[in-house]
Amino acid sequence: MRLPERVLMTVMPPIDALNNRMAELAAEGHDVISLGQSVPFFGPPTEMIEVVTEALSSEPRIHTYGPDAGIPELRQALAEKLGRINGIDADPGTQIVVTPGSNQAFMVAMLTMLEPGDEVAIAAPYYFNHHMAIELCGGRVVEVPTSEEDGFQLHLSDVEAAVTNRTRAIVVTSPNNPTGAVYDRAEVERIARFAADRRIRLLSDEAYEFFGYDGASTFSPGSISGLGDTVITLGSLSKTFGMTGWRIGYMVADTEFCRQALKVQDAMAICAPIISQVGAVAALGVIDAFTESHLAELEARRAVLARTLDAIPDMEWMKTDGALFAFVRANPTASGQELAWDVLERSNVLTVPGSAFGSAWRDFVRISYGSSTRSRFEEALRRLAAYFGI
Ligand SMILES: Cc1ncc(COP(=O)(O)O)c(C=O)c1O
């Protein structure tokens with residue numbers, strides 16, 4: 001039976017095939033280490049686990065549907081966090097929608113705003129699920145190039161060049177997946193003002209907002225006053241609290257957009273899992289200490305990775321200041337795709353080929369320094385060095 005082009009043309013990210021092969025190798029008894037998926041090495045705060053454990057026996061509401069936009073106390077806690085940390089003034093009653101992961105927040109936003117053929121400008125290399133969501137909604141991805149020479153920064157001039165009269169949204173992901181770039185604050189402000197002038201929405205994906213190194217901090221364009229309904233902020237608790245499996249994200253937008261978006265949310269999921277929302281409230285209660293507690297470890301790993309890559313002439317990393325990744329140029333005699341598969345087979349280390357993040361990035365691989373334990377991470381780096389004969 002016929003399936004629509006927008007589904008057929010959407011490509012599954014190669015990470016799935018690599019993960020499957022990794023599982024096969026592990027089942028065959030190989031000692032495999034993943035530097036692939038973006039999953040932090042830590043789990044959720046103990047305070048969250050305690051509250052959730054208690055809720056299992058004391059809160060009957062966890063077994064039923066809740067409000068589409070999220071339970072009131074989570075929206076309240078998010079509004080408090082957004083005001084205090086991000087400088088975003090959001091009405092918890094009408095301007096925050098809790099979603100099952102921020103991937104779904106992105107999808108909800110796309111389904112709410114796109115007509116078939118509408119364009120969405122995204123910085124390339126891009127997070128592949130953004131690309132997939134736009135195409136699945138019948139939109140067209142327009143890539144805004146960034147380059148390793150200036151640390152993959154996003155520039156207004158390149159955004160301007162990508163925008164046409166079909167552009168409905170500009171997506172800004174900072175800290176960035178896959179490059180780790182933290183965008184310059186002044187440039188993000190300029191891009192936001194440009195978007196507002198042109199009546200184009202700016203989607204700010206802040207999934208890695210707490211992962212900034214060497215003093216780099218994320219700027220939320222949703223905090224700029226006077227931009228009206230331009231900015232939509234997408235947030236995630238997944239990486240922040242090591243709770244990727246609990247599926248809690250959120251969208252912050254103007255009242256009318258949220259009202260319309262709730263139709264999409266209702267049709268897709270009704271609401272995010274209530275037990276996860278109860279846990280999220282508890283996690284947000286310890287956000288300052290918890291987010292601070294992992295930074296030194298991640299910074300140390302980033303330094304070890306930089307030293308290892310410095311010693312490998314075939315791998316070049318333009319060090320970036322955020323998220324959990326190094327986006328590394330590999331020896332041009334092998335594509336990133338070939339390299340990732342070969343490193344998996346011969347050294348049992350999983351990395352992600354750059355082509356997953358756009359066809360222009362074939363010479364790259366993404367290495368996550370956030371996952372696995374420190375000793376396993378260092379073991380993976382030893383194997384990587386040995387693979388290159390170091
Ligand atoms: C940039 C970016 N946004 C969103 C997500 C999805 O996060 P969530 O688990 O909240 O759906 C990811 C996950 O890797 C990501 O890298």
# chains A, B, ... in the order shown; residues from 1 in each chain; ligands from 1
$ residues_around --residues "segment 197-209 of chain A" --least-positions-apart "3" --cutoff "7 Å" --atoms "only C-alpha atoms" --output "number ranges by chain"
A: 167-175, 192-194, 218, 230-236, 239, 323
$ write_last_selection --atoms "C-alpha atoms" --output "PDB file, in the first residue's frame"
ATOM      1  CA  THR A 167      10.271  30.491   6.109  1.00  0.00           C
ATOM      2  CA  ARG A 168       8.091  29.880   9.153  1.00  0.00           C
ATOM      3  CA  ALA A 169      10.769  29.216  11.753  1.00  0.00           C
ATOM      4  CA  ILE A 170      14.460  29.471  12.566  1.00  0.00           C
ATOM      5  CA  VAL A 171      15.813  26.801  14.906  1.00  0.00           C
ATOM      6  CA  VAL A 172      18.623  27.708  17.277  1.00  0.00           C
ATOM      7  CA  THR A 173      20.163  24.896  19.320  1.00  0.00           C
ATOM      8  CA  SER A 174      22.692  26.163  21.815  1.00  0.00           C
ATOM      9  CA  PRO A 175      24.622  24.401  23.286  1.00  0.00           C
ATOM     10  CA  ALA A 192      15.958  36.909  17.457  1.00  0.00           C
ATOM     11  CA  ARG A 193      15.360  40.566  16.535  1.00  0.00           C
ATOM     12  CA  PHE A 194      15.687  39.753  12.838  1.00  0.00           C
ATOM     13  CA  THR A 218      23.474  29.436  27.610  1.00  0.00           C
ATOM     14  CA  THR A 230       8.370  35.329  18.209  1.00  0.00           C
ATOM     15  CA  VAL A 231      10.286  33.022  20.519  1.00  0.00           C
ATOM     16  CA  ILE A 232       9.333  29.468  21.434  1.00  0.00           C
ATOM     17  CA  THR A 233      11.592  27.905  24.049  1.00  0.00           C
ATOM     18  CA  LEU A 234      11.995  24.145  24.100  1.00  0.00           C
ATOM     19  CA  GLY A 235      13.371  22.658  27.282  1.00  0.00           C
ATOM     20  CA  SER A 236      14.232  19.165  28.411  1.00  0.00           C
ATOM     21  CA  LYS A 239      20.096  15.539  30.110  1.00  0.00           C
ATOM     22  CA  ALA A 323      26.823  19.985  25.537  1.00  0.00           C
TER      23      ALA A 323
END
$ residues_near_ligand --ligand "ligand 1" --cutoff "9 Å" --atoms "only C-alpha atoms and all ligand atoms" --output "number ranges by chain"
A: 37-39, 99-106, 126-130, 173-178, 205-208, 234-239, 243-250, 323
$ write_last_selection --atoms "N, CA and C atoms" --output "short mmCIF file (atom, residue, chain, number, x, y, z; two decimals), in the first residue's frame"
data_model
loop_
_atom_site.label_atom_id
_atom_site.label_comp_id
_atom_site.auth_asym_id
_atom_site.auth_seq_id
_atom_site.Cartn_x
_atom_site.Cartn_y
_atom_site.Cartn_z
N GLN A 37 25.38 7.57 21.97
CA GLN A 37 24.17 8.31 22.29
C GLN A 37 24.40 9.39 23.32
N SER A 38 23.54 10.40 23.24
CA SER A 38 23.66 11.52 24.16
C SER A 38 22.91 11.23 25.45
N VAL A 39 23.52 10.40 26.26
CA VAL A 39 22.90 10.05 27.55
C VAL A 39 23.95 10.34 28.62
N THR A 99 5.60 18.19 27.84
CA THR A 99 5.47 17.18 26.78
C THR A 99 6.27 15.92 27.16
N PRO A 100 5.94 14.79 26.54
CA PRO A 100 6.75 13.59 26.78
C PRO A 100 8.10 13.70 26.06
N GLY A 101 9.02 14.42 26.66
CA GLY A 101 10.33 14.70 26.06
C GLY A 101 10.25 15.94 25.18
N SER A 102 11.39 16.63 25.04
CA SER A 102 11.36 17.85 24.22
C SER A 102 11.34 17.52 22.73
N ASN A 103 11.70 16.30 22.35
CA ASN A 103 11.51 15.91 20.95
C ASN A 103 10.04 16.08 20.57
N GLN A 104 9.17 15.69 21.49
CA GLN A 104 7.75 15.83 21.18
C GLN A 104 7.33 17.30 21.21
N ALA A 105 7.96 18.10 22.06
CA ALA A 105 7.66 19.53 22.05
C ALA A 105 7.99 20.11 20.67
N PHE A 106 9.10 19.66 20.10
CA PHE A 106 9.49 20.16 18.77
C PHE A 106 8.45 19.72 17.73
N TYR A 126 23.04 19.56 12.03
CA TYR A 126 21.82 19.71 12.84
C TYR A 126 21.54 18.43 13.63
N TYR A 127 20.68 18.59 14.63
CA TYR A 127 20.18 17.44 15.40
C TYR A 127 19.20 16.68 14.50
N PHE A 128 19.50 15.41 14.22
CA PHE A 128 18.75 14.71 13.17
C PHE A 128 17.25 14.62 13.46
N ASN A 129 16.84 14.58 14.72
CA ASN A 129 15.40 14.50 15.00
C ASN A 129 14.68 15.80 14.63
N HIS A 130 15.37 16.93 14.66
CA HIS A 130 14.75 18.16 14.16
C HIS A 130 14.46 18.02 12.67
N THR A 173 19.88 25.90 18.29
CA THR A 173 20.16 24.90 19.32
C THR A 173 21.51 25.21 19.94
N SER A 174 21.46 25.77 21.13
CA SER A 174 22.69 26.16 21.81
C SER A 174 22.56 25.88 23.30
N PRO A 175 23.51 25.13 23.88
CA PRO A 175 24.62 24.40 23.29
C PRO A 175 24.12 23.41 22.23
N ASN A 176 24.97 23.23 21.23
CA ASN A 176 24.53 22.55 20.03
C ASN A 176 24.82 21.04 20.04
N ASN A 177 23.89 20.33 19.47
CA ASN A 177 24.09 18.93 19.13
C ASN A 177 24.11 18.89 17.61
N PRO A 178 25.18 18.47 16.95
CA PRO A 178 26.28 17.68 17.45
C PRO A 178 27.57 18.44 17.76
N ASP A 205 16.12 25.62 21.17
CA ASP A 205 16.22 24.31 21.82
C ASP A 205 17.34 24.38 22.85
N GLU A 206 16.95 24.27 24.12
CA GLU A 206 17.91 24.47 25.21
C GLU A 206 18.12 23.18 26.02
N ALA A 207 18.10 22.06 25.30
CA ALA A 207 18.21 20.75 25.98
C ALA A 207 19.51 20.64 26.78
N TYR A 208 20.56 21.34 26.35
CA TYR A 208 21.87 21.22 27.02
C TYR A 208 22.22 22.48 27.82
N LEU A 234 12.19 25.58 23.88
CA LEU A 234 12.00 24.15 24.10
C LEU A 234 13.00 23.69 25.14
N GLY A 235 12.49 23.10 26.20
CA GLY A 235 13.37 22.66 27.28
C GLY A 235 13.22 21.17 27.51
N SER A 236 14.23 20.60 28.15
CA SER A 236 14.23 19.17 28.41
C SER A 236 14.81 18.90 29.79
N LEU A 237 14.23 17.95 30.50
CA LEU A 237 14.83 17.54 31.77
C LEU A 237 15.73 16.33 31.59
N SER A 238 15.74 15.79 30.36
CA SER A 238 16.43 14.52 30.08
C SER A 238 17.90 14.55 30.46
N LYS A 239 18.64 15.50 29.89
CA LYS A 239 20.10 15.54 30.11
C LYS A 239 20.40 16.19 31.45
N MET A 243 17.71 11.83 33.14
CA MET A 243 16.42 11.11 33.16
C MET A 243 15.83 11.00 31.75
N THR A 244 16.68 10.58 30.81
CA THR A 244 16.21 10.49 29.41
C THR A 244 15.03 9.52 29.27
N GLY A 245 14.99 8.48 30.12
CA GLY A 245 13.93 7.49 30.01
C GLY A 245 12.59 7.93 30.60
N TRP A 246 12.60 9.03 31.35
CA TRP A 246 11.36 9.47 32.00
C TRP A 246 10.50 10.32 31.07
N ARG A 247 11.08 10.83 30.02
CA ARG A 247 10.41 11.58 28.97
C ARG A 247 9.68 12.82 29.48
N ILE A 248 10.43 13.78 29.92
CA ILE A 248 9.84 15.07 30.29
C ILE A 248 10.56 16.21 29.59
N GLY A 249 9.80 16.92 28.78
CA GLY A 249 10.27 18.14 28.14
C GLY A 249 9.17 19.17 28.25
N TYR A 250 9.41 20.34 27.68
CA TYR A 250 8.35 21.36 27.74
C TYR A 250 8.55 22.40 26.65
N ALA A 323 27.47 21.29 25.74
CA ALA A 323 26.82 19.99 25.54
C ALA A 323 27.75 18.85 26.00
#
$ atom_distance --atom1 "atom CA of Asp254 of chain A" --atom2 "atom CA of Arg185 of chain A"
22.4 Å
$ select_by_dssp --residues "segment 126-213 of chain A" --states "alpha helix (DSSP H)" --output "count of residues only"
30
$ residues_around --residues "segment 61-72 of chain A" --least-positions-apart "4" --cutoff "8 Å" --atoms "only C-alpha atoms" --output "list in words"
Ala55, Leu56, Gln76, Pro92, Gly93, Ile96, Val97, Val98, Thr99, Leu262, Gln265, Asp266, Ile270, Cys271, Ala272, Pro273, Ile274, Ile275 and Gln277 of chain A
$ write_last_selection --atoms "C-alpha atoms" --output "compact mmCIF listing (two decimals), in the first residue's frame"
# COMPACT_ATOMS: atom_id res chain seq x y z
CA ALA A 55 4.04 8.48 45.04
CA LEU A 56 3.72 4.92 43.74
CA GLN A 76 4.52 26.25 38.47
CA PRO A 92 2.26 28.67 34.14
CA GLY A 93 -1.47 28.60 33.42
CA ILE A 96 3.89 26.30 29.32
CA VAL A 97 3.09 22.89 27.85
CA VAL A 98 4.79 19.85 29.40
CA THR A 99 5.47 17.18 26.78
CA LEU A 262 -2.62 21.63 22.98
CA GLN A 265 -0.58 17.35 22.19
CA ASP A 266 -4.02 15.97 23.02
CA ILE A 270 -2.95 13.59 25.90
CA CYS A 271 -0.28 14.33 28.50
CA ALA A 272 3.21 13.39 29.61
CA PRO A 273 3.35 10.45 32.07
CA ILE A 274 2.09 11.67 35.45
CA ILE A 275 4.63 9.70 37.47
CA GLN A 277 5.87 14.77 36.06
$ residues_around --residues "Ala121 of chain A" --least-positions-apart "2" --cutoff "7 Å" --atoms "only C-alpha atoms" --output "ChimeraX atom specification"
/A:119,123,141-144,162-163,169-171
$ write_last_selection --atoms "C-alpha atoms" --output "PDB file, in the first residue's frame"
ATOM      1  CA  GLU A 119      10.501  26.170   5.228  1.00  0.00           C
ATOM      2  CA  ALA A 123      21.963  25.440  11.568  1.00  0.00           C
ATOM      3  CA  VAL A 141      14.574  21.962   5.873  1.00  0.00           C
ATOM      4  CA  VAL A 142      16.801  24.845   4.799  1.00  0.00           C
ATOM      5  CA  GLU A 143      20.299  24.414   6.163  1.00  0.00           C
ATOM      6  CA  VAL A 144      22.163  27.405   7.569  1.00  0.00           C
ATOM      7  CA  ALA A 162      18.631  31.159   4.190  1.00  0.00           C
ATOM      8  CA  VAL A 163      15.339  32.936   4.870  1.00  0.00           C
ATOM      9  CA  ALA A 169      10.769  29.216  11.753  1.00  0.00           C
ATOM     10  CA  ILE A 170      14.460  29.471  12.566  1.00  0.00           C
ATOM     11  CA  VAL A 171      15.813  26.801  14.906  1.00  0.00           C
TER      12      VAL A 171
END
$ closest_residue --among "A:Gly322, A:Gly36, A:Pro44, A:Gly87" --to "Asp214 of chain A" --atoms "only C-alpha atoms"
A:Gly322
$ residues_around --residues "segment 337-353 of chain A" --least-positions-apart "3" --cutoff "10 Å" --atoms "only C-alpha atoms" --output "PDB file with C-alpha atoms, in the first residue's frame"
ATOM      1  CA  PRO A  13      19.468   8.113  11.860  1.00  0.00           C
ATOM      2  CA  PRO A  14      22.399   5.678  11.468  1.00  0.00           C
ATOM      3  CA  ILE A  15      22.781   5.572  15.221  1.00  0.00           C
ATOM      4  CA  ASP A  16      20.082   2.891  15.338  1.00  0.00           C
ATOM      5  CA  ALA A  17      21.975   0.497  13.064  1.00  0.00           C
ATOM      6  CA  LEU A  18      25.170   1.136  15.027  1.00  0.00           C
ATOM      7  CA  ASN A  19      23.372   0.550  18.333  1.00  0.00           C
ATOM      8  CA  ARG A  21      25.432  -3.854  15.931  1.00  0.00           C
ATOM      9  CA  MET A  22      26.819  -2.822  19.312  1.00  0.00           C
ATOM     10  CA  LEU A  25      28.778  -7.537  19.585  1.00  0.00           C
ATOM     11  CA  ALA A  26      27.977  -7.371  23.301  1.00  0.00           C
ATOM     12  CA  HIS A  30      32.707  -8.356  23.191  1.00  0.00           C
ATOM     13  CA  ASP A  31      33.420  -5.598  25.670  1.00  0.00           C
ATOM     14  CA  VAL A  32      31.811  -2.627  23.875  1.00  0.00           C
ATOM     15  CA  ILE A  33      31.833   0.985  25.063  1.00  0.00           C
ATOM     16  CA  SER A  34      29.390   3.571  23.762  1.00  0.00           C
ATOM     17  CA  LEU A  35      30.555   7.101  23.072  1.00  0.00           C
ATOM     18  CA  GLY A  36      27.489   7.334  20.861  1.00  0.00           C
ATOM     19  CA  GLN A  37      24.169   8.313  22.293  1.00  0.00           C
ATOM     20  CA  PRO A 178      26.282  17.683  17.453  1.00  0.00           C
ATOM     21  CA  PHE A 327      32.455  16.918  16.559  1.00  0.00           C
ATOM     22  CA  VAL A 328      35.710  15.673  15.113  1.00  0.00           C
ATOM     23  CA  ALA A 330      38.495  12.436  10.669  1.00  0.00           C
ATOM     24  CA  ASN A 331      41.240  11.533   8.227  1.00  0.00           C
ATOM     25  CA  THR A 333      40.854   8.951   3.419  1.00  0.00           C
ATOM     26  CA  ALA A 334      38.025   7.313   5.374  1.00  0.00           C
ATOM     27  CA  ALA A 356      23.848  11.607  10.616  1.00  0.00           C
ATOM     28  CA  PHE A 357      23.834  15.392  11.103  1.00  0.00           C
ATOM     29  CA  GLY A 358      23.767  16.432   7.439  1.00  0.00           C
ATOM     30  CA  TRP A 361      29.555  16.282   7.310  1.00  0.00           C
ATOM     31  CA  ARG A 362      30.781  12.971   5.930  1.00  0.00           C
ATOM     32  CA  ASP A 363      34.329  13.526   7.163  1.00  0.00           C
ATOM     33  CA  PHE A 364      33.247  13.899  10.779  1.00  0.00           C
ATOM     34  CA  VAL A 365      32.360  11.713  13.733  1.00  0.00           C
ATOM     35  CA  ARG A 366      30.616  12.758  16.924  1.00  0.00           C
ATOM     36  CA  ILE A 367      32.122  11.549  20.159  1.00  0.00           C
ATOM     37  CA  SER A 368      30.089  11.863  23.345  1.00  0.00           C
ATOM     38  CA  PHE A 377      35.469   6.570  28.924  1.00  0.00           C
ATOM     39  CA  GLU A 379      39.390   2.930  28.253  1.00  0.00           C
ATOM     40  CA  ALA A 380      37.466   3.929  25.103  1.00  0.00           C
ATOM     41  CA  LEU A 381      39.983   6.719  24.448  1.00  0.00           C
ATOM     42  CA  ARG A 382      42.914   4.290  24.877  1.00  0.00           C
ATOM     43  CA  ARG A 383      41.295   2.033  22.297  1.00  0.00           C
ATOM     44  CA  LEU A 384      40.721   4.964  19.963  1.00  0.00           C
ATOM     45  CA  ALA A 385      44.368   5.988  20.241  1.00  0.00           C
ATOM     46  CA  ALA A 386      45.483   2.387  19.672  1.00  0.00           C
ATOM     47  CA  TYR A 387      43.203   2.172  16.605  1.00  0.00           C
ATOM     48  CA  PHE A 388      45.174   5.071  15.103  1.00  0.00           C
TER      49      PHE A 388
END
$ atom_distance --atom1 "atom CA of Met107 of chain A" --atom2 "atom CA of Phe257 of chain A"
13.7 Å
$ atom_distance --atom1 "atom CA of Leu305 of chain A" --atom2 "atom CA of Glu187 of chain A"
28.6 Å
$ closest_residue --among "A:Phe152, A:Phe325, A:Phe241, A:Phe42" --to "Gly212 of chain A" --atoms "only C-alpha atoms"
A:Phe325
